[in-house]
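Asker: The structure file input.csv (CSV, C-alpha atoms and all ligand atoms) is provided below.
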```csv
chain,number,residue,atom,x,y,z
A,128,MET,CA,-18.7,17.6,-25.2
A,129,ASN,CA,-16.5,16.6,-22.2
A,130,VAL,CA,-16.8,19.3,-19.6
A,131,LEU,CA,-14.1,17.7,-17.4
A,132,SER,CA,-10.5,18.6,-17.2
A,133,ALA,CA,-8.1,16.4,-19.2
A,134,ARG,CA,-6.5,15.3,-15.9
A,135,ALA,CA,-9.9,14.3,-14.4
A,136,THR,CA,-10.6,12.2,-17.5
A,137,ALA,CA,-7.1,10.7,-17.4
A,138,THR,CA,-7.5,9.9,-13.7
A,139,SER,CA,-10.8,8.0,-14.4
A,140,ALA,CA,-9.2,6.1,-17.3
A,141,ALA,CA,-6.3,5.0,-15.1
A,142,ILE,CA,-8.7,3.4,-12.5
A,143,ASP,CA,-11.9,2.6,-14.3
A,144,THR,CA,-11.2,-1.2,-14.5
A,145,VAL,CA,-11.1,-1.2,-10.7
A,146,PHE,CA,-14.2,0.8,-10.3
A,147,ASN,CA,-16.1,-1.3,-12.9
A,148,PHE,CA,-15.2,-4.3,-10.9
A,149,PHE,CA,-16.0,-2.8,-7.6
A,150,SER,CA,-19.4,-1.6,-8.7
A,151,SER,CA,-20.4,-4.9,-10.4
A,152,TYR,CA,-18.7,-7.9,-9.0
A,153,ARG,CA,-21.5,-8.8,-6.6
A,154,SER,CA,-24.4,-7.4,-8.6
A,155,GLY,CA,-27.4,-9.7,-8.7
A,156,VAL,CA,-25.9,-11.8,-5.9
A,157,GLY,CA,-27.9,-11.9,-2.7
A,158,ASP,CA,-25.9,-11.7,0.6
A,159,GLY,CA,-27.1,-15.2,1.4
A,160,ASP,CA,-25.4,-16.5,-1.7
A,161,VAL,CA,-22.0,-15.1,-0.8
A,162,ARG,CA,-19.8,-17.9,0.7
A,163,ALA,CA,-16.6,-15.8,0.8
A,164,ASP,CA,-15.8,-12.3,-0.4
A,165,LEU,CA,-12.0,-12.5,-0.7
A,166,THR,CA,-11.6,-9.5,-3.0
A,167,PHE,CA,-10.6,-6.2,-1.2
A,168,GLY,CA,-8.5,-6.0,2.0
A,169,ASN,CA,-11.5,-5.1,4.1
A,170,PRO,CA,-12.4,-6.3,7.5
A,171,HIS,CA,-15.0,-9.1,7.9
A,172,GLU,CA,-15.0,-9.2,11.7
A,173,MET,CA,-15.8,-6.6,14.4
A,174,PRO,CA,-13.0,-4.0,15.0
A,175,LEU,CA,-10.4,-4.5,17.7
A,176,PRO,CA,-11.9,-3.4,21.0
A,177,GLU,CA,-8.7,-1.6,22.0
A,178,LEU,CA,-9.0,0.4,18.8
A,179,VAL,CA,-12.6,1.5,19.7
A,180,THR,CA,-11.4,2.5,23.2
A,181,ALA,CA,-8.6,4.6,21.8
A,182,ILE,CA,-10.8,6.4,19.3
A,183,ARG,CA,-13.5,7.0,22.0
A,184,ALA,CA,-10.8,8.6,24.2
A,185,GLY,CA,-9.8,10.8,21.3
A,186,MET,CA,-13.4,11.9,20.8
A,187,GLU,CA,-13.8,13.1,24.4
A,188,PRO,CA,-12.9,16.9,24.5
A,189,ARG,CA,-10.5,18.0,27.2
A,190,ALA,CA,-9.8,21.5,26.0
A,191,THR,CA,-11.6,24.2,24.0
A,192,ASP,CA,-9.3,23.7,21.0
A,193,TRP,CA,-9.8,19.9,21.0
A,194,PHE,CA,-11.5,20.0,17.6
A,195,ALA,CA,-9.7,23.1,16.3
A,196,TYR,CA,-8.0,22.9,13.0
A,197,LYS,CA,-5.2,20.4,13.2
A,198,THR,CA,-2.1,20.1,11.0
A,199,SER,CA,0.7,17.5,11.9
A,200,GLU,CA,0.5,17.9,15.7
A,201,GLU,CA,3.6,17.8,17.8
A,202,GLU,CA,2.8,14.9,20.1
A,203,PRO,CA,1.8,12.3,17.5
A,204,ARG,CA,4.8,13.3,15.3
A,205,ALA,CA,7.1,12.7,18.3
A,206,VAL,CA,5.4,9.3,18.9
A,207,VAL,CA,5.7,8.3,15.3
A,208,ALA,CA,9.4,9.4,15.1
A,209,ALA,CA,10.3,7.4,18.2
A,210,ALA,CA,8.4,4.3,17.0
A,211,LEU,CA,9.8,4.5,13.5
A,212,SER,CA,13.3,5.0,14.8
A,213,ALA,CA,13.1,2.0,17.0
A,214,GLU,CA,11.5,-0.1,14.3
A,215,LEU,CA,13.9,0.7,11.5
A,216,GLY,CA,17.0,1.5,13.5
A,217,LEU,CA,17.3,5.0,12.0
A,218,PRO,CA,17.1,8.4,13.9
A,219,PHE,CA,13.9,10.0,12.5
A,220,HIS,CA,13.2,13.6,13.4
A,221,PRO,CA,9.6,14.5,14.5
A,222,GLU,CA,9.7,17.4,12.1
A,223,ASP,CA,10.3,15.0,9.2
A,224,ILE,CA,7.0,13.2,9.8
A,225,ALA,CA,3.9,14.6,8.1
A,226,LEU,CA,0.7,13.1,9.3
A,227,THR,CA,-1.7,12.3,6.5
A,228,LYS,CA,-5.0,10.7,5.6
A,229,GLY,CA,-3.5,7.2,5.3
A,230,ALA,CA,-1.0,6.0,2.9
A,231,PHE,CA,-3.2,7.4,0.1
A,232,GLY,CA,-2.7,10.9,1.5
A,233,ALA,CA,1.0,10.4,2.0
A,234,ILE,CA,1.5,9.1,-1.6
A,235,ALA,CA,-0.5,12.0,-3.0
A,236,LEU,CA,1.6,14.4,-0.8
A,237,ALA,CA,4.9,12.9,-2.0
A,238,PHE,CA,3.8,13.2,-5.6
A,239,SER,CA,2.7,16.8,-5.2
A,240,LEU,CA,6.0,17.7,-3.5
A,241,LEU,CA,8.2,16.1,-6.3
A,242,LEU,CA,6.4,16.0,-9.6
A,243,ASP,CA,5.7,18.7,-12.1
A,244,PRO,CA,3.3,18.1,-15.0
A,245,GLY,CA,4.8,15.6,-17.4
A,246,ASP,CA,7.3,14.2,-14.9
A,247,GLU,CA,7.6,10.5,-14.7
A,248,CYS,CA,7.2,8.1,-11.8
A,249,ILE,CA,8.2,4.4,-12.1
A,250,ILE,CA,5.7,2.0,-10.6
A,251,PRO,CA,5.8,-1.8,-10.3
A,252,LEU,CA,3.9,-4.3,-12.5
A,253,PRO,CA,2.0,-6.0,-11.1
A,254,GLY,CA,1.3,-3.4,-8.5
A,255,TRP,CA,-1.3,-1.6,-6.5
A,256,PHE,CA,-3.9,-0.2,-8.8
A,257,CYS,CA,-4.2,3.4,-7.5
A,258,TYR,CA,-0.7,4.7,-8.2
A,259,ALA,CA,-1.4,5.6,-11.8
A,260,ALA,CA,-4.7,7.4,-11.0
A,261,ILE,CA,-3.0,9.5,-8.2
A,262,LEU,CA,-0.2,10.4,-10.7
A,263,ARG,CA,-2.7,11.3,-13.4
A,264,ALA,CA,-4.6,13.5,-10.9
A,265,GLY,CA,-1.4,15.6,-10.7
A,266,ASN,CA,-0.7,15.6,-14.5
A,267,ALA,CA,2.2,13.3,-13.9
A,268,VAL,CA,3.1,10.2,-16.0
A,269,PRO,CA,3.1,6.6,-14.6
A,270,VAL,CA,5.7,4.3,-16.1
A,271,GLN,CA,5.1,0.6,-15.3
A,272,VAL,CA,8.2,-1.5,-15.0
A,273,PRO,CA,7.7,-5.3,-14.6
A,274,LEU,CA,9.0,-7.1,-11.6
A,275,ALA,CA,11.3,-10.1,-12.2
A,276,GLU,CA,9.4,-12.9,-13.9
A,277,GLY,CA,8.7,-15.8,-11.5
A,278,THR,CA,10.2,-14.2,-8.3
A,279,PHE,CA,8.6,-10.8,-8.4
A,280,ASP,CA,11.8,-9.3,-7.1
A,281,LEU,CA,12.9,-5.8,-8.1
A,282,ASP,CA,14.4,-5.9,-11.6
A,283,VAL,CA,17.1,-3.2,-11.2
A,284,ALA,CA,18.2,-3.4,-14.8
A,285,ALA,CA,14.6,-3.0,-16.1
A,286,ILE,CA,14.1,0.0,-13.8
A,287,GLU,CA,17.4,1.6,-15.1
A,288,ALA,CA,16.3,1.0,-18.7
A,289,ALA,CA,13.0,2.9,-17.9
A,290,ILE,CA,14.7,6.0,-16.5
A,291,THR,CA,14.6,9.2,-18.6
A,292,PRO,CA,15.5,12.8,-17.9
A,293,ARG,CA,11.9,13.2,-16.6
A,294,THR,CA,12.1,10.4,-14.0
A,295,ARG,CA,11.7,11.9,-10.5
A,296,ILE,CA,10.5,8.9,-8.4
A,297,VAL,CA,10.8,5.2,-8.3
A,298,VAL,CA,8.0,3.6,-6.2
A,299,VAL,CA,9.1,0.6,-4.1
A,300,ASN,CA,6.3,-1.2,-2.4
A,301,THR,CA,7.5,-3.5,0.3
A,302,PRO,CA,5.9,-5.8,1.4
A,303,HIS,CA,4.4,-5.9,-2.0
A,304,ASN,CA,0.8,-5.9,-3.0
A,305,PRO,CA,-0.3,-8.2,-4.7
A,306,THR,CA,2.6,-10.8,-4.5
A,307,GLY,CA,3.6,-10.5,-0.8
A,308,VAL,CA,7.3,-10.3,-1.6
A,309,ILE,CA,9.6,-8.4,0.8
A,310,TYR,CA,12.7,-7.1,-0.9
A,311,SER,CA,16.1,-8.0,0.5
A,312,ARG,CA,18.6,-5.5,1.8
A,313,GLU,CA,21.0,-6.7,-0.9
A,314,ARG,CA,18.5,-6.0,-3.8
A,315,LEU,CA,17.6,-2.6,-2.3
A,316,THR,CA,21.3,-1.7,-2.0
A,317,GLU,CA,21.7,-2.6,-5.7
A,318,LEU,CA,18.8,-0.3,-6.6
A,319,ALA,CA,20.3,2.4,-4.4
A,320,ALA,CA,23.7,2.2,-6.2
A,321,MET,CA,22.0,2.4,-9.6
A,322,LEU,CA,19.9,5.4,-8.6
A,323,THR,CA,22.9,7.2,-7.1
A,324,ARG,CA,24.7,6.7,-10.4
A,325,LYS,CA,21.7,7.8,-12.5
A,326,SER,CA,21.0,10.8,-10.2
A,327,ALA,CA,24.6,12.0,-10.7
A,328,GLU,CA,24.2,11.6,-14.5
A,329,MET,CA,20.9,13.6,-14.4
A,330,GLY,CA,22.3,16.3,-12.1
A,331,ARG,CA,19.4,15.9,-9.6
A,332,PRO,CA,18.2,13.2,-7.3
A,333,ILE,CA,15.8,10.5,-8.3
A,334,PHE,CA,13.8,9.7,-5.2
A,335,ILE,CA,12.5,6.4,-3.9
A,336,LEU,CA,8.9,6.5,-2.5
A,337,SER,CA,8.9,3.5,-0.2
A,338,ASP,CA,5.2,2.5,0.1
A,339,GLU,CA,5.2,0.5,3.3
A,340,PRO,CA,1.6,0.2,4.6
A,341,TYR,CA,2.1,-3.6,5.1
A,342,ARG,CA,5.4,-3.2,6.9
A,343,ARG,CA,4.1,-4.8,10.1
A,344,ILE,CA,2.2,-7.5,8.3
A,345,ARG,CA,5.0,-10.1,8.0
A,346,PHE,CA,5.0,-13.9,8.4
A,347,ASP,CA,7.5,-16.4,9.8
A,348,GLY,CA,9.5,-13.6,11.4
A,349,ALA,CA,10.6,-12.3,8.0
A,350,GLU,CA,13.1,-9.5,8.2
A,351,PHE,CA,12.4,-6.1,6.7
A,352,THR,CA,14.7,-3.4,5.3
A,353,SER,CA,13.3,0.0,4.4
A,354,PRO,CA,14.9,1.6,1.4
A,355,ALA,CA,15.4,4.6,3.7
A,356,ALA,CA,18.2,2.6,5.4
A,357,VAL,CA,20.2,2.3,2.1
A,358,TYR,CA,19.2,5.4,0.1
A,359,PRO,CA,19.2,8.9,1.4
A,360,TYR,CA,16.6,10.3,-1.0
A,361,THR,CA,13.8,8.1,0.3
A,362,LEU,CA,10.4,9.1,1.5
A,363,ILE,CA,8.4,6.5,3.4
A,364,ASP,CA,4.6,6.4,3.3
A,365,TYR,CA,2.7,4.4,6.0
A,366,SER,CA,-0.9,3.7,7.0
A,367,TYR,CA,-2.3,2.4,10.2
A,368,GLY,CA,-5.2,1.0,8.2
A,369,LYS,CA,-3.6,-2.3,7.5
A,370,ILE,CA,-2.2,-3.3,10.9
A,371,LEU,CA,-5.5,-2.2,12.5
A,372,LEU,CA,-7.5,-3.7,9.6
A,373,ALA,CA,-9.5,-0.4,9.7
A,374,PRO,CA,-8.9,1.3,6.4
A,375,GLY,CA,-11.9,3.6,7.0
A,376,LEU,CA,-10.0,5.4,9.7
A,377,ARG,CA,-7.8,7.6,7.6
A,378,ILE,CA,-4.5,8.0,9.3
A,379,GLY,CA,-0.9,7.5,8.2
A,380,TYR,CA,2.2,9.5,7.5
A,381,LEU,CA,5.0,10.5,5.1
A,382,ALA,CA,8.5,10.3,6.7
A,383,LEU,CA,11.8,11.6,5.3
A,384,SER,CA,14.9,9.4,5.6
A,385,PRO,CA,17.1,10.9,8.3
A,386,SER,CA,20.1,10.5,5.9
A,387,MET,CA,18.6,12.9,3.4
A,388,PRO,CA,20.7,16.1,3.4
A,389,GLU,CA,19.4,18.6,6.0
A,390,ALA,CA,18.9,21.4,3.5
A,391,ASP,CA,16.6,19.2,1.4
A,392,ARG,CA,14.7,18.0,4.6
A,393,LEU,CA,14.1,21.6,5.6
A,394,ALA,CA,12.7,22.4,2.2
A,395,PHE,CA,10.4,19.4,2.4
A,396,ARG,CA,9.2,20.3,5.9
A,397,ALA,CA,7.9,23.7,4.9
A,398,ALA,CA,6.4,22.6,1.6
A,399,ALA,CA,4.7,19.5,3.1
A,400,LEU,CA,2.6,21.7,5.4
A,401,THR,CA,1.5,24.1,2.6
A,402,SER,CA,0.9,21.2,0.1
A,403,GLN,CA,-1.2,19.4,2.7
A,404,ILE,CA,-3.3,22.5,3.3
A,405,ALA,CA,-3.6,23.3,-0.4
A,406,GLY,CA,-4.3,19.6,-1.1
A,407,GLY,CA,-7.6,19.7,0.8
A,408,TRP,CA,-6.4,19.7,4.4
A,409,ASN,CA,-4.7,16.3,4.0
A,410,PHE,CA,-4.3,15.8,7.8
A,411,PRO,CA,-5.9,13.0,9.9
A,412,ASP,CA,-8.9,14.1,11.9
A,413,ALA,CA,-8.2,15.4,15.5
A,414,PRO,CA,-9.4,12.2,17.4
A,415,LEU,CA,-7.1,10.0,15.3
A,416,GLN,CA,-4.1,12.2,16.0
A,417,TYR,CA,-4.8,12.0,19.8
A,418,ALA,CA,-5.0,8.2,19.5
A,419,VAL,CA,-1.6,7.7,17.8
A,420,ALA,CA,0.3,6.6,20.9
A,421,ASP,CA,-2.4,3.9,21.4
A,422,LEU,CA,-2.6,3.0,17.7
A,423,GLU,CA,1.1,2.3,17.8
A,424,ARG,CA,0.5,-0.4,20.4
A,425,ILE,CA,-2.4,-2.2,18.7
A,426,GLY,CA,-2.6,-4.6,15.9
A,427,ILE,CA,-4.5,-7.5,14.4
A,428,ASP,CA,-3.4,-11.1,15.1
A,429,ILE,CA,-0.6,-11.8,12.5
A,430,GLY,CA,-0.4,-15.4,13.6
A,431,ALA,CA,-4.0,-15.9,12.6
A,432,LEU,CA,-3.4,-14.2,9.2
A,433,GLN,CA,-0.4,-16.5,8.7
A,434,GLY,CA,-2.6,-19.5,9.5
A,435,LYS,CA,-5.0,-18.4,6.8
A,436,ARG,CA,-2.2,-18.0,4.3
A,437,ASP,CA,-0.9,-21.5,5.1
A,438,ARG,CA,-4.4,-23.1,4.9
A,439,LEU,CA,-5.2,-21.5,1.5
A,440,HIS,CA,-1.7,-21.8,0.1
A,441,GLY,CA,-1.4,-25.5,1.1
A,442,ALA,CA,-4.8,-26.4,-0.3
A,443,LEU,CA,-4.5,-24.6,-3.6
A,444,THR,CA,-1.0,-25.8,-4.4
A,445,GLN,CA,-2.1,-29.3,-3.6
A,446,TRP,CA,-4.8,-28.9,-6.3
A,447,GLY,CA,-2.2,-27.8,-8.8
A,448,TYR,CA,-2.5,-24.0,-8.5
A,449,ARG,CA,0.7,-22.0,-9.0
A,450,MET,CA,0.6,-19.6,-6.1
A,451,THR,CA,3.1,-17.3,-4.4
A,452,ARG,CA,3.8,-17.9,-0.8
A,453,PRO,CA,3.6,-14.3,0.6
A,454,ALA,CA,6.2,-13.3,3.2
A,455,GLY,CA,3.8,-10.4,4.1
A,456,THR,CA,0.7,-8.4,3.3
A,457,PHE,CA,-3.0,-9.5,3.1
A,458,TYR,CA,-2.7,-11.3,-0.2
A,459,LEU,CA,-2.1,-14.5,-2.1
A,460,TRP,CA,-1.2,-14.1,-5.8
A,461,GLY,CA,-1.3,-16.9,-8.4
A,462,ARG,CA,-1.9,-18.1,-11.9
A,463,ALA,CA,-5.6,-18.6,-12.8
A,464,PRO,CA,-6.1,-22.2,-14.0
A,465,GLY,CA,-6.4,-22.0,-17.8
A,466,GLY,CA,-4.6,-18.6,-17.7
A,467,ASN,CA,-7.8,-16.5,-18.0
A,468,SER,CA,-8.6,-14.7,-14.7
A,469,ALA,CA,-11.9,-13.3,-16.0
A,470,ARG,CA,-13.3,-16.7,-16.8
A,471,PHE,CA,-11.8,-18.2,-13.6
A,472,THR,CA,-13.2,-15.6,-11.3
A,473,ARG,CA,-16.7,-15.9,-12.9
A,474,LYS,CA,-16.5,-19.7,-12.3
A,475,LEU,CA,-15.8,-19.1,-8.6
A,476,ALA,CA,-18.4,-16.3,-8.4
A,477,ASP,CA,-21.0,-18.9,-9.6
A,478,GLN,CA,-20.2,-20.7,-6.3
A,479,GLY,CA,-20.5,-17.6,-4.2
A,480,VAL,CA,-16.7,-17.1,-3.9
A,481,PHE,CA,-15.2,-13.8,-5.0
A,482,VAL,CA,-11.5,-13.0,-5.7
A,483,MET,CA,-9.9,-10.3,-7.7
A,484,PRO,CA,-9.0,-10.9,-11.4
A,485,GLY,CA,-5.5,-10.0,-12.5
A,486,THR,CA,-7.0,-7.6,-15.0
A,487,LEU,CA,-7.1,-5.1,-12.2
A,488,PHE,CA,-3.3,-5.4,-12.0
A,489,ASP,CA,-2.7,-5.5,-15.8
A,490,ARG,CA,-1.9,-9.2,-15.4
A,491,PRO,CA,-5.0,-10.9,-16.9
A,492,ALA,CA,-3.7,-14.5,-16.4
A,493,ASP,CA,-3.3,-14.1,-12.6
A,494,PHE,CA,-5.6,-13.5,-9.7
A,495,ARG,CA,-5.5,-12.2,-6.1
A,496,ILE,CA,-7.0,-13.6,-2.9
A,497,SER,CA,-7.4,-11.4,0.2
A,498,LEU,CA,-6.6,-13.1,3.5
A,499,THR,CA,-8.8,-10.7,5.4
A,500,GLY,CA,-11.8,-13.0,5.1
A,501,THR,CA,-12.6,-15.0,8.2
A,502,GLU,CA,-11.4,-18.5,8.8
A,503,ALA,CA,-15.0,-19.7,8.2
A,504,MET,CA,-15.1,-17.9,4.9
A,505,ILE,CA,-11.8,-19.4,3.8
A,506,GLU,CA,-13.0,-23.0,4.8
A,507,ALA,CA,-16.3,-22.3,2.9
A,508,SER,CA,-14.4,-21.2,-0.2
A,509,LEU,CA,-12.2,-24.3,-0.5
A,510,PRO,CA,-14.7,-26.6,-2.5
A,511,ALA,CA,-15.1,-23.9,-5.1
A,512,PHE,CA,-11.3,-23.5,-5.5
A,513,GLU,CA,-11.0,-27.3,-5.8
A,514,ALA,CA,-13.8,-27.5,-8.4
A,515,ALA,CA,-12.2,-24.6,-10.4
A,516,ALA,CA,-8.7,-26.1,-10.2
A,517,VAL,CA,-8.8,-27.5,-13.8
A,518,GLY,CA,-8.9,-24.6,-16.3
A,601,LIG,C1,0.3,-1.0,-1.7
A,601,LIG,C2,-0.6,0.0,-1.1
A,601,LIG,N1,-0.3,1.2,-0.9
A,601,LIG,C3,-1.1,2.1,-0.4
A,601,LIG,C4,-2.4,1.7,0.0
A,601,LIG,C5,-3.3,2.8,0.6
A,601,LIG,O1,-3.5,2.5,2.0
A,601,LIG,P1,-4.6,3.3,2.9
A,601,LIG,O2,-5.9,3.1,2.2
A,601,LIG,O3,-4.5,2.7,4.2
A,601,LIG,O4,-4.2,4.7,2.8
A,601,LIG,C6,-2.8,0.4,-0.2
A,601,LIG,C7,-4.2,0.0,0.2
A,601,LIG,O5,-4.7,-1.0,-0.2
A,601,LIG,C8,-1.9,-0.5,-0.8
A,601,LIG,O6,-2.3,-1.8,-1.0
```
Would you kindly transcribe this structure into structure tokens?
Ligand SMILES: Cc1ncc(COP(=O)(O)O)c(C=O)c1O
Answerer:
Amino acid sequence: MNVLSARATATSAAIDTVFNFFSSYRSGVGDGDVRADLTFGNPHEMPLPELVTAIRAGMEPRATDWFAYKTSEEEPRAVVAAALSAELGLPFHPEDIALTKGAFGAIALAFSLLLDPGDECIIPLPGWFCYAAILRAGNAVPVQVPLAEGTFDLDVAAIEAAITPRTRIVVVNTPHNPTGVIYSRERLTELAAMLTRKSAEMGRPIFILSDEPYRRIRFDGAEFTSPAAVYPYTLIDYSYGKILLAPGLRIGYLALSPSMPEADRLAFRAAALTSQIAGGWNFPDAPLQYAVADLERIGIDIGALQGKRDRLHGALTQWGYRMTRPAGTFYLWGRAPGGNSARFTRKLADQGVFVMPGTLFDRPADFRISLTGTEAMIEASLPAFEAAAVG
């Protein structure tokens, strides 16, 4: 007998491939035999010293209520609104910023604010492997829509074809994990026009959730447009975990597009607070909130990340791999030689090199490399990639 709720079971089923991989990919391998772990977007070097200083300062109490219950505090909200307004060229209101436990918390909040049981949310394929589980946890329904073949651009016609009367949200992840594609303003405008038309047909808005945790991780000066600039019914989620390469510090936010009608924004403001409380006090811990002004100024070396992209992309394509050249994010995405990522990743693992099989993204022929490994790890991985280049 299964004692669990149907939604807990469905949540597990939506993510068990990832957990099976996570719990087993290095089993039986001693640390000394690992040449390069390029699987998850985790840090492999000591944290940024400025980050440690900022957190330490936030830990030092300066008032009796320093560690009192915190919701979305006024000062960090104002800091985020000002920074986001400058970055995106849109006038964000501090009250339209909900501080959350990372992008995970912001995504879960957006889903809880918009989705009733059975409502549908369109997510990209390939795409980040946690959307479906977060949706299932709320009894909502993930609808995977493939990105354009070859370019991984948004396929607006395919999104339109997937819309039903139950569709409430389209998730747009830009820059995109795992392909590194950044969507153009032109494509986003096309999506916005389609959603405006479909929303009118349905008699209520279909929202965009713009999942932007990699927004500041861009290469070659690539431009960025947020869907919030072209579509009023947009919610942005963000995380400091990527730019700081510190995903264990849980802080991010959900921001409402300033062009959303005011009456709707007022409704969201009130409901966000109560949903965050009811959702398990989904606010960042107090020291992180005090540190926001500093966190806004700190970031990893994007030039070094770009160097790692160039090194790996150059070497792999030279050996015949078909790889994307990411415009942003931590990742390199490509076709496994021979078209079987499970076999290919095992071959690399035998050499002490670990990458993610495309099975985790419902794309079993492909694989993902994380650029968060050190330069030394990347150099050490190259002979294994060369040896595995022939399927
Ligand atoms: C596309 C995407 N969205 C959201 C998240 C969640 O980010 P965080 O763990 O910083 O909340 C991730 C993390 O890998 C991601 O890749």
Asker: Find the residues near ligand LIG 601 (chain A). Use a cut-off of 10 Å, count all atoms listed in the file, and write them as a PyMOL selection string.
Answerer: chain A and resi 167-169+227-234+254-258+299-305+337-341+364-380+456-458
Asker: Compare A:Thr451, A:Ala398, A:Trp460, A:Ala476 by their minimum atom-to-atom distance to A:Asp160, counting only C-alpha atoms, and give me the closest one.
Answerer: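 Of A:Thr451, A:Ala398, A:Trp460, A:Ala476, the one nearest A:Asp160, counting only C-alpha atoms, is A:Ala476.
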Asker: Compare A:Ser150, A:Ala184, A:Arg343, A:Phe238 by their minimum atom-to-atom distance to A:Asp428, counting only C-alpha atoms, and give me the closest one.
Answerer: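 For A:Asp428, the nearest of the given residues is A:Arg343.
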Asker: Between A:Gln416, A:Thr361, A:Ser497, A:Ser239, which has the minimum distance to A:Leu226 (counting all atoms listed in the file)?
Answerer: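 Checking each of A:Gln416, A:Thr361, A:Ser497, A:Ser239 against A:Leu226, counting all atoms listed in the file, the winner is A:Gln416.
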Asker: Write out as a short mmCIF file (atom, residue, chain, number, x, y, z; two decimals) with C-alpha atoms, in the coordinates of the input each polymer residue whose atoms come within 10 Å of stretch 313-316 of chain A, counting only C-alpha atoms; drop sequence neighbours fewer than 3 positions from it.
Answerer:
```
data_model
loop_
_atom_site.label_atom_id
_atom_site.label_comp_id
_atom_site.auth_asym_id
_atom_site.auth_seq_id
_atom_site.Cartn_x
_atom_site.Cartn_y
_atom_site.Cartn_z
CA ASP A 280 11.80 -9.30 -7.10
CA LEU A 281 12.90 -5.80 -8.10
CA ASP A 282 14.40 -5.90 -11.60
CA VAL A 283 17.10 -3.20 -11.20
CA VAL A 299 9.10 0.60 -4.10
CA TYR A 310 12.70 -7.10 -0.90
CA ALA A 319 20.30 2.40 -4.40
CA ALA A 320 23.70 2.20 -6.20
CA MET A 321 22.00 2.40 -9.60
CA LEU A 322 19.90 5.40 -8.60
CA THR A 352 14.70 -3.40 5.30
CA SER A 353 13.30 0.00 4.40
CA PRO A 354 14.90 1.60 1.40
CA ALA A 355 15.40 4.60 3.70
CA ALA A 356 18.20 2.60 5.40
CA VAL A 357 20.20 2.30 2.10
CA TYR A 358 19.20 5.40 0.10
#
```
Asker: Would you tabulate, counting all atoms listed in the file, all residues of stretch 131-220 of chain A that have an atom at most 12 Å from an atom of stretch 472-475 of chain A, showing the closest pair of atoms and their distance in Å to one decimal, sorted by chain then ascending number, as a tab-separated table?
Answerer:
```
residue	atom	partner	partner_atom	distance
A:Phe148	CA	A:Thr472	CA	11.5
A:Ser151	CA	A:Arg473	CA	11.9
A:Tyr152	CA	A:Arg473	CA	9.1
A:Arg153	CA	A:Arg473	CA	10.6
A:Val161	CA	A:Leu475	CA	10.7
A:Arg162	CA	A:Leu475	CA	10.2
A:Ala163	CA	A:Leu475	CA	10.0
A:Asp164	CA	A:Leu475	CA	10.7
A:Leu165	CA	A:Leu475	CA	11.0
A:Thr166	CA	A:Thr472	CA	10.4
```
Asker: Just the residues within 12 Å of A:Ala135, please, counting only C-alpha atoms, with nothing from its chain fewer than 2 positions along; format it as a ChimeraX atom specification.
Answerer: /A:129-133,137-143,260-266
Asker: Find the residue from A:Gly500, A:Pro174, A:Gly330, A:Pro414 that sits nearest to A:Ala431; use all atoms listed in the file when measuring.
Answerer: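 Residue with the minimum atom-to-atom distance to A:Ala431: A:Gly500.
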Asker: Closest to A:Ala210 among A:Arg470, A:Arg392, A:Arg424, A:Arg490, using all atoms listed in the file?
Answerer: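 For A:Ala210, the nearest of the given residues is A:Arg424.
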Asker: When you count only C-alpha atoms, which of these residues is closest to A:Arg342: A:Leu215, A:Val517, A:Glu317, A:Pro411?
Answerer: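 Closest to A:Arg342, using only C-alpha atoms: A:Leu215.
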Asker: Atom CA of A:Pro464 to atom CA of A:Val308: how many Å, to one decimal?
Answerer: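 For atom CA of A:Pro464 relative to atom CA of A:Val308, the distance reads 21.8 Å.
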Asker: Missing atoms in stretch 152-157 of chain A need filling: write out N, CA, C and O atoms for it as a PDB file, in the coordinates of the input.
Answerer:
```
ATOM      1  N   TYR A 152     -19.051  -6.528  -9.180  1.00  0.00           N
ATOM      2  CA  TYR A 152     -18.700  -7.900  -9.000  1.00  0.00           C
ATOM      3  C   TYR A 152     -19.658  -8.748  -8.188  1.00  0.00           C
ATOM      4  O   TYR A 152     -19.696  -9.959  -8.316  1.00  0.00           O
ATOM      5  N   ARG A 153     -20.484  -8.052  -7.378  1.00  0.00           N
ATOM      6  CA  ARG A 153     -21.500  -8.800  -6.600  1.00  0.00           C
ATOM      7  C   ARG A 153     -22.910  -8.470  -7.081  1.00  0.00           C
ATOM      8  O   ARG A 153     -23.875  -8.819  -6.387  1.00  0.00           O
ATOM      9  N   SER A 154     -23.032  -7.809  -8.235  1.00  0.00           N
ATOM     10  CA  SER A 154     -24.400  -7.400  -8.600  1.00  0.00           C
ATOM     11  C   SER A 154     -25.222  -8.628  -8.976  1.00  0.00           C
ATOM     12  O   SER A 154     -24.745  -9.579  -9.595  1.00  0.00           O
ATOM     13  N   GLY A 155     -26.453  -8.604  -8.509  1.00  0.00           N
ATOM     14  CA  GLY A 155     -27.400  -9.700  -8.700  1.00  0.00           C
ATOM     15  C   GLY A 155     -27.144 -10.887  -7.802  1.00  0.00           C
ATOM     16  O   GLY A 155     -27.823 -11.908  -7.890  1.00  0.00           O
ATOM     17  N   VAL A 156     -26.185 -10.753  -6.880  1.00  0.00           N
ATOM     18  CA  VAL A 156     -25.900 -11.800  -5.900  1.00  0.00           C
ATOM     19  C   VAL A 156     -26.448 -11.424  -4.559  1.00  0.00           C
ATOM     20  O   VAL A 156     -26.016 -10.398  -4.016  1.00  0.00           O
ATOM     21  N   GLY A 157     -27.375 -12.181  -4.016  1.00  0.00           N
ATOM     22  CA  GLY A 157     -27.900 -11.900  -2.700  1.00  0.00           C
ATOM     23  C   GLY A 157     -26.844 -12.178  -1.630  1.00  0.00           C
ATOM     24  O   GLY A 157     -25.997 -13.053  -1.842  1.00  0.00           O
TER      25      GLY A 157
END
```
